[in-house]
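So the structure is just underneath, and the comments pick up after that.
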Amino acid sequence: MSSGEVAATLREGRRGGRRGASHTTGPKQLPWRQPHNRLPPVELVSADELESIHEASLTILEEIGMDVLLPEAREIYRAAGAAVDGLRVRADRSMVLDAVANAPERYRMHARNPAHTLEVGGDYMMFSPVASPPNCSDLERGRRPGNRADFRDFLKLGQYFNILHLTGGYTVEPIDIPPDIRHLEALRDIYTLTDKPTHSYSLGWGRIRDGIEMCRIARGI
């Protein structure tokens with residue numbers, strides 16, 4: 001179902017409850033805004049349990065390490081003081097703690113439309129559609145594999161509804177686009193059909209570079 005058909009269905013449903021009412025626009029919705037979470041975070045573990053998890057993670061990074069596949073990334077780690085042995089990178093806890101201490105408490109996620117730019121961190125909240133389901137479904141055509149036409153329709157719906165603040169991934173996987181160019185076509189659809197923030201999937205150095213370049217073009221930088 002296209003975004004226009006969805007809007008028409010919603011309008012028809014409202015008319016069914018109030019015969020004779022006239023609706024020439026889509027469903028009523030609040031103006032776009034980014035909500036705040038006024039409630040404190042839920043504490044799933046105690047403070048000492050959290051500290052134990054933290055210390056265990058530092059020990060793993062320091063003694064076991066992790067394999068880093070990208071040579072340029074290994075050199076960045078090496079320059080920062082990490083021990084590099086082949087693919088394995090080990091970072092002592094002081095290096096990790098220094099990096100964590102320099103992380104910003106909050107940052108801004110820019111949109112093509114400045115009015116849709118988001119704040120990330122603090123008590124700010126954001127909502128996005130689901131990411132990369134393999135199938136989609138509606139009442140008329142039933143369940144079917146993801147495709148570009150439906151992908152584009154979901155993007156339009158995500159752009160329309162103010163409760164959705166960003167595109168968190170592919171709204172349905174467009175499997176009719178060849179995998180080697182899927183990120184290019186999908187990102188082009190995202191940047192032309194929406195003006196909200198989005199991101200590129202971290203599936204290799206080349207795709208990330210393509211995604212950054214397309215973001216730059218879309219934002220006129």
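So you can find residues: chains in the structure tokens are A, B, ... in the order shown, residues in each start at 1, and ligands are numbered from 1 in order.
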So that I can see what lies close to segment 89-97 of chain A, please list as a PyMOL selection string the residues with an atom at most 7 Å from it, counting only C-alpha atoms and leaving out residues fewer than 3 positions away in the same chain. chain A and resi 58+61-68+82-85+100-101
Selection from above, N, CA and C atoms, as a PDB file, in the first residue's frame, can you write it?
ATOM      1  N   LEU A  58      37.241  -4.231  30.782  1.00  0.00           N
ATOM      2  CA  LEU A  58      38.591  -3.667  30.661  1.00  0.00           C
ATOM      3  C   LEU A  58      39.643  -4.769  30.614  1.00  0.00           C
ATOM      4  N   LEU A  61      39.647  -6.356  27.076  1.00  0.00           N
ATOM      5  CA  LEU A  61      40.310  -5.499  26.094  1.00  0.00           C
ATOM      6  C   LEU A  61      41.818  -5.459  26.304  1.00  0.00           C
ATOM      7  N   GLU A  62      42.242  -5.553  27.558  1.00  0.00           N
ATOM      8  CA  GLU A  62      43.668  -5.434  27.883  1.00  0.00           C
ATOM      9  C   GLU A  62      44.416  -6.753  27.687  1.00  0.00           C
ATOM     10  N   GLU A  63      43.824  -7.870  28.089  1.00  0.00           N
ATOM     11  CA  GLU A  63      44.543  -9.136  28.089  1.00  0.00           C
ATOM     12  C   GLU A  63      44.207 -10.028  26.891  1.00  0.00           C
ATOM     13  N   ILE A  64      42.940 -10.084  26.506  1.00  0.00           N
ATOM     14  CA  ILE A  64      42.537 -10.917  25.373  1.00  0.00           C
ATOM     15  C   ILE A  64      42.578 -10.112  24.083  1.00  0.00           C
ATOM     16  N   GLY A  65      42.054  -8.913  24.111  1.00  0.00           N
ATOM     17  CA  GLY A  65      42.045  -8.060  22.932  1.00  0.00           C
ATOM     18  C   GLY A  65      40.949  -8.434  21.956  1.00  0.00           C
ATOM     19  N   MET A  66      41.026  -7.852  20.780  1.00  0.00           N
ATOM     20  CA  MET A  66      40.040  -8.113  19.731  1.00  0.00           C
ATOM     21  C   MET A  66      40.732  -8.051  18.382  1.00  0.00           C
ATOM     22  N   ASP A  67      40.196  -8.799  17.424  1.00  0.00           N
ATOM     23  CA  ASP A  67      40.730  -8.775  16.068  1.00  0.00           C
ATOM     24  C   ASP A  67      40.140  -7.588  15.318  1.00  0.00           C
ATOM     25  N   VAL A  68      41.020  -6.800  14.721  1.00  0.00           N
ATOM     26  CA  VAL A  68      40.610  -5.639  13.925  1.00  0.00           C
ATOM     27  C   VAL A  68      41.036  -5.913  12.484  1.00  0.00           C
ATOM     28  N   ALA A  82      48.013   1.363  21.602  1.00  0.00           N
ATOM     29  CA  ALA A  82      47.595  -0.030  21.755  1.00  0.00           C
ATOM     30  C   ALA A  82      48.680  -0.965  21.247  1.00  0.00           C
ATOM     31  N   ALA A  83      48.678  -2.196  21.757  1.00  0.00           N
ATOM     32  CA  ALA A  83      49.602  -3.227  21.289  1.00  0.00           C
ATOM     33  C   ALA A  83      48.944  -3.974  20.136  1.00  0.00           C
ATOM     34  N   VAL A  84      49.626  -4.042  18.998  1.00  0.00           N
ATOM     35  CA  VAL A  84      49.076  -4.679  17.808  1.00  0.00           C
ATOM     36  C   VAL A  84      49.940  -5.874  17.451  1.00  0.00           C
ATOM     37  N   ASP A  85      49.320  -7.051  17.380  1.00  0.00           N
ATOM     38  CA  ASP A  85      50.007  -8.287  17.027  1.00  0.00           C
ATOM     39  C   ASP A  85      49.207  -8.977  15.945  1.00  0.00           C
ATOM     40  N   VAL A 100      37.181   7.023  26.950  1.00  0.00           N
ATOM     41  CA  VAL A 100      35.810   7.153  27.449  1.00  0.00           C
ATOM     42  C   VAL A 100      35.597   8.524  28.086  1.00  0.00           C
ATOM     43  N   ALA A 101      36.604   9.007  28.801  1.00  0.00           N
ATOM     44  CA  ALA A 101      36.477  10.302  29.465  1.00  0.00           C
ATOM     45  C   ALA A 101      36.332  11.445  28.466  1.00  0.00           C
TER      46      ALA A 101
END
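Nearest-residue note for Glu173 of chain A: choosing from A:Pro145, A:Pro129, A:Pro104, A:Gly122, the minimum distance belongs to A:Pro145, counting only C-alpha atoms.
Running DSSP on the backbone gives helix (DSSP H, G or I) for these residues within segment 83-126 of chain A: Arg93, Ser94, Met95, Val96, Leu97, Asp98, Ala99, Val100, Ala101, Pro114, Ala115 and His116 of chain A.
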Kindly provide the residues of segment 158-210 of chain A that approach segment 70-80 of chain A to within 12 Å, each paired with its closest atom pair and their distance in Å to one decimal, based on only C-alpha atoms, listed by chain and increasing number, as JSON lines.
{"residue": "A:Leu203", "atom": "CA", "partner": "A:Leu70", "partner_atom": "CA", "distance": 11.8}
{"residue": "A:Gly204", "atom": "CA", "partner": "A:Leu70", "partner_atom": "CA", "distance": 8.8}
{"residue": "A:Trp205", "atom": "CA", "partner": "A:Leu70", "partner_atom": "CA", "distance": 8.0}
{"residue": "A:Gly206", "atom": "CA", "partner": "A:Leu70", "partner_atom": "CA", "distance": 11.4}
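Closest approach to Ile221 of chain A from the set A:Thr192, A:Gln159, A:Arg112, A:Leu87 is made by A:Arg112, with distances taken over only C-alpha atoms.
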Mind listing the strand (DSSP E or B) residues of segment 8-211 of chain A, per DSSP on the backbone, as number ranges by chain? A: 36, 66-67, 83-85, 88-90, 106-109, 118-121, 124, 135-136, 144-145
Write the residues of the preceding selection, restricted to N, CA and C atoms, as a PDB file, in the first residue's frame.
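Contents of the output file part-v5.pdb:
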ATOM      1  N   HIS A  36      11.521  14.282  25.337  1.00  0.00           N
ATOM      2  CA  HIS A  36      12.470  14.058  26.427  1.00  0.00           C
ATOM      3  C   HIS A  36      11.946  12.935  27.320  1.00  0.00           C
ATOM      4  N   MET A  66      41.026  -7.852  20.780  1.00  0.00           N
ATOM      5  CA  MET A  66      40.040  -8.113  19.731  1.00  0.00           C
ATOM      6  C   MET A  66      40.732  -8.051  18.382  1.00  0.00           C
ATOM      7  N   ASP A  67      40.196  -8.799  17.424  1.00  0.00           N
ATOM      8  CA  ASP A  67      40.730  -8.775  16.068  1.00  0.00           C
ATOM      9  C   ASP A  67      40.140  -7.588  15.318  1.00  0.00           C
ATOM     10  N   ALA A  83      48.678  -2.196  21.757  1.00  0.00           N
ATOM     11  CA  ALA A  83      49.602  -3.227  21.289  1.00  0.00           C
ATOM     12  C   ALA A  83      48.944  -3.974  20.136  1.00  0.00           C
ATOM     13  N   VAL A  84      49.626  -4.042  18.998  1.00  0.00           N
ATOM     14  CA  VAL A  84      49.076  -4.679  17.808  1.00  0.00           C
ATOM     15  C   VAL A  84      49.940  -5.874  17.451  1.00  0.00           C
ATOM     16  N   ASP A  85      49.320  -7.051  17.380  1.00  0.00           N
ATOM     17  CA  ASP A  85      50.007  -8.287  17.027  1.00  0.00           C
ATOM     18  C   ASP A  85      49.207  -8.977  15.945  1.00  0.00           C
ATOM     19  N   ARG A  88      45.297  -8.930  16.019  1.00  0.00           N
ATOM     20  CA  ARG A  88      44.872  -8.758  17.398  1.00  0.00           C
ATOM     21  C   ARG A  88      45.356  -7.413  17.954  1.00  0.00           C
ATOM     22  N   VAL A  89      44.432  -6.678  18.552  1.00  0.00           N
ATOM     23  CA  VAL A  89      44.713  -5.374  19.158  1.00  0.00           C
ATOM     24  C   VAL A  89      44.369  -5.451  20.637  1.00  0.00           C
ATOM     25  N   ARG A  90      45.317  -5.058  21.493  1.00  0.00           N
ATOM     26  CA  ARG A  90      45.090  -5.017  22.941  1.00  0.00           C
ATOM     27  C   ARG A  90      45.290  -3.592  23.430  1.00  0.00           C
ATOM     28  N   ARG A 106      26.766  14.576  24.920  1.00  0.00           N
ATOM     29  CA  ARG A 106      25.692  14.780  23.962  1.00  0.00           C
ATOM     30  C   ARG A 106      26.283  15.285  22.661  1.00  0.00           C
ATOM     31  N   TYR A 107      25.663  14.920  21.556  1.00  0.00           N
ATOM     32  CA  TYR A 107      26.098  15.443  20.261  1.00  0.00           C
ATOM     33  C   TYR A 107      24.882  15.621  19.365  1.00  0.00           C
ATOM     34  N   ARG A 108      25.093  16.256  18.244  1.00  0.00           N
ATOM     35  CA  ARG A 108      23.994  16.602  17.343  1.00  0.00           C
ATOM     36  C   ARG A 108      24.064  15.736  16.085  1.00  0.00           C
ATOM     37  N   MET A 109      22.916  15.184  15.694  1.00  0.00           N
ATOM     38  CA  MET A 109      22.802  14.393  14.473  1.00  0.00           C
ATOM     39  C   MET A 109      22.072  15.243  13.436  1.00  0.00           C
ATOM     40  N   LEU A 118      18.648  16.292  15.224  1.00  0.00           N
ATOM     41  CA  LEU A 118      18.373  15.640  16.504  1.00  0.00           C
ATOM     42  C   LEU A 118      19.519  15.830  17.490  1.00  0.00           C
ATOM     43  N   GLU A 119      19.167  15.842  18.771  1.00  0.00           N
ATOM     44  CA  GLU A 119      20.142  15.806  19.849  1.00  0.00           C
ATOM     45  C   GLU A 119      20.241  14.361  20.346  1.00  0.00           C
ATOM     46  N   VAL A 120      21.459  13.851  20.436  1.00  0.00           N
ATOM     47  CA  VAL A 120      21.690  12.479  20.883  1.00  0.00           C
ATOM     48  C   VAL A 120      22.363  12.524  22.249  1.00  0.00           C
ATOM     49  N   GLY A 121      21.761  11.893  23.242  1.00  0.00           N
ATOM     50  CA  GLY A 121      22.322  11.882  24.581  1.00  0.00           C
ATOM     51  C   GLY A 121      21.436  12.622  25.563  1.00  0.00           C
ATOM     52  N   TYR A 124      17.235  13.128  25.849  1.00  0.00           N
ATOM     53  CA  TYR A 124      16.551  13.186  24.558  1.00  0.00           C
ATOM     54  C   TYR A 124      16.196  11.781  24.073  1.00  0.00           C
ATOM     55  N   ASN A 135      10.741  -9.111   4.787  1.00  0.00           N
ATOM     56  CA  ASN A 135       9.437  -9.167   4.127  1.00  0.00           C
ATOM     57  C   ASN A 135       8.567  -7.992   4.571  1.00  0.00           C
ATOM     58  N   CYS A 136       7.549  -7.724   3.794  1.00  0.00           N
ATOM     59  CA  CYS A 136       6.541  -6.736   4.178  1.00  0.00           C
ATOM     60  C   CYS A 136       5.170  -7.321   3.858  1.00  0.00           C
ATOM     61  N   ARG A 144       5.081 -10.550   1.283  1.00  0.00           N
ATOM     62  CA  ARG A 144       5.931 -10.652   0.103  1.00  0.00           C
ATOM     63  C   ARG A 144       7.354 -10.237   0.460  1.00  0.00           C
ATOM     64  N   PRO A 145       8.332 -10.665  -0.332  1.00  0.00           N
ATOM     65  CA  PRO A 145       9.718 -10.259  -0.078  1.00  0.00           C
ATOM     66  C   PRO A 145       9.886  -8.757  -0.241  1.00  0.00           C
TER      67      PRO A 145
END
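The residue that comes closest to Gly81 of chain A, out of A:Leu69, A:Leu166, A:Met125, A:Asp98 and on the basis of only C-alpha atoms, is A:Asp98.
For the choices A:Asn162, A:Thr171, A:Ser57, A:Ser46, the atom-to-atom distance to Phe127 of chain A is smallest for A:Asn162 when using only C-alpha atoms.
Atom to atom, atom CA of Arg216 of chain A and atom CA of Leu157 of chain A stand 24.2 Å apart.
When the distance limit is 12 Å and only C-alpha atoms are what count, the residues near Gly169 of chain A, minus those fewer than 6 positions from it on the same chain, are Ser128, Pro129, Val130, Ala131, Ser132, Pro133, Phe151, Phe154, Leu155, Gly158, His183, Ala186, Leu187, Asp189, Ile190, Pro197, Thr198, His199, Ser200, Tyr201 and Ser202 of chain A.
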Can those selected residues be exported to a file as a PDB file, in the first residue's frame so that it contains N, CA and C atoms?
ATOM      1  N   SER A 128      12.458   5.577  15.407  1.00  0.00           N
ATOM      2  CA  SER A 128      12.674   5.334  13.984  1.00  0.00           C
ATOM      3  C   SER A 128      11.873   4.111  13.566  1.00  0.00           C
ATOM      4  N   PRO A 129      11.627   3.937  12.255  1.00  0.00           N
ATOM      5  CA  PRO A 129      11.012   2.691  11.787  1.00  0.00           C
ATOM      6  C   PRO A 129      11.963   1.520  12.045  1.00  0.00           C
ATOM      7  N   VAL A 130      11.450   0.300  11.878  1.00  0.00           N
ATOM      8  CA  VAL A 130      12.302  -0.876  12.020  1.00  0.00           C
ATOM      9  C   VAL A 130      13.354  -0.886  10.910  1.00  0.00           C
ATOM     10  N   ALA A 131      14.383  -1.708  11.074  1.00  0.00           N
ATOM     11  CA  ALA A 131      15.477  -1.750  10.108  1.00  0.00           C
ATOM     12  C   ALA A 131      15.604  -3.135   9.484  1.00  0.00           C
ATOM     13  N   SER A 132      15.540  -3.168   8.169  1.00  0.00           N
ATOM     14  CA  SER A 132      15.872  -4.330   7.335  1.00  0.00           C
ATOM     15  C   SER A 132      15.060  -5.600   7.560  1.00  0.00           C
ATOM     16  N   PRO A 133      13.738  -5.513   7.801  1.00  0.00           N
ATOM     17  CA  PRO A 133      12.968  -6.765   7.764  1.00  0.00           C
ATOM     18  C   PRO A 133      13.018  -7.336   6.349  1.00  0.00           C
ATOM     19  N   PHE A 151      10.019  -0.366  -0.270  1.00  0.00           N
ATOM     20  CA  PHE A 151      11.023   0.392   0.477  1.00  0.00           C
ATOM     21  C   PHE A 151      10.781   1.889   0.346  1.00  0.00           C
ATOM     22  N   PHE A 154       7.614   2.970   2.307  1.00  0.00           N
ATOM     23  CA  PHE A 154       7.863   3.073   3.745  1.00  0.00           C
ATOM     24  C   PHE A 154       8.667   4.327   4.081  1.00  0.00           C
ATOM     25  N   LEU A 155       9.595   4.697   3.214  1.00  0.00           N
ATOM     26  CA  LEU A 155      10.341   5.938   3.435  1.00  0.00           C
ATOM     27  C   LEU A 155       9.401   7.139   3.441  1.00  0.00           C
ATOM     28  N   GLY A 158       7.587   7.216   6.680  1.00  0.00           N
ATOM     29  CA  GLY A 158       8.476   7.685   7.732  1.00  0.00           C
ATOM     30  C   GLY A 158       8.700   9.182   7.681  1.00  0.00           C
ATOM     31  N   HIS A 183      23.389  -0.392  -1.388  1.00  0.00           N
ATOM     32  CA  HIS A 183      23.563   0.749  -0.479  1.00  0.00           C
ATOM     33  C   HIS A 183      23.497   2.065  -1.228  1.00  0.00           C
ATOM     34  N   ALA A 186      19.700   2.572  -2.215  1.00  0.00           N
ATOM     35  CA  ALA A 186      18.884   2.780  -1.022  1.00  0.00           C
ATOM     36  C   ALA A 186      19.160   4.145  -0.398  1.00  0.00           C
ATOM     37  N   LEU A 187      20.429   4.519  -0.298  1.00  0.00           N
ATOM     38  CA  LEU A 187      20.758   5.821   0.275  1.00  0.00           C
ATOM     39  C   LEU A 187      20.270   6.956  -0.611  1.00  0.00           C
ATOM     40  N   ASP A 189      17.557   6.885  -2.406  1.00  0.00           N
ATOM     41  CA  ASP A 189      16.127   7.001  -2.105  1.00  0.00           C
ATOM     42  C   ASP A 189      15.916   7.698  -0.768  1.00  0.00           C
ATOM     43  N   ILE A 190      16.718   7.345   0.240  1.00  0.00           N
ATOM     44  CA  ILE A 190      16.575   7.975   1.553  1.00  0.00           C
ATOM     45  C   ILE A 190      16.813   9.470   1.463  1.00  0.00           C
ATOM     46  N   PRO A 197      17.384  12.696   9.671  1.00  0.00           N
ATOM     47  CA  PRO A 197      18.711  12.059   9.783  1.00  0.00           C
ATOM     48  C   PRO A 197      18.665  10.584   9.417  1.00  0.00           C
ATOM     49  N   THR A 198      19.789  10.069   8.955  1.00  0.00           N
ATOM     50  CA  THR A 198      19.917   8.656   8.639  1.00  0.00           C
ATOM     51  C   THR A 198      21.363   8.250   8.877  1.00  0.00           C
ATOM     52  N   HIS A 199      21.716   7.030   8.501  1.00  0.00           N
ATOM     53  CA  HIS A 199      23.087   6.563   8.656  1.00  0.00           C
ATOM     54  C   HIS A 199      23.358   5.503   7.597  1.00  0.00           C
ATOM     55  N   SER A 200      24.622   5.145   7.453  1.00  0.00           N
ATOM     56  CA  SER A 200      25.013   4.064   6.550  1.00  0.00           C
ATOM     57  C   SER A 200      25.316   2.818   7.370  1.00  0.00           C
ATOM     58  N   TYR A 201      25.020   1.659   6.800  1.00  0.00           N
ATOM     59  CA  TYR A 201      25.364   0.412   7.471  1.00  0.00           C
ATOM     60  C   TYR A 201      26.883   0.223   7.465  1.00  0.00           C
ATOM     61  N   SER A 202      27.419  -0.252   8.577  1.00  0.00           N
ATOM     62  CA  SER A 202      28.871  -0.474   8.688  1.00  0.00           C
ATOM     63  C   SER A 202      29.217  -1.836   8.099  1.00  0.00           C
TER      64      SER A 202
END
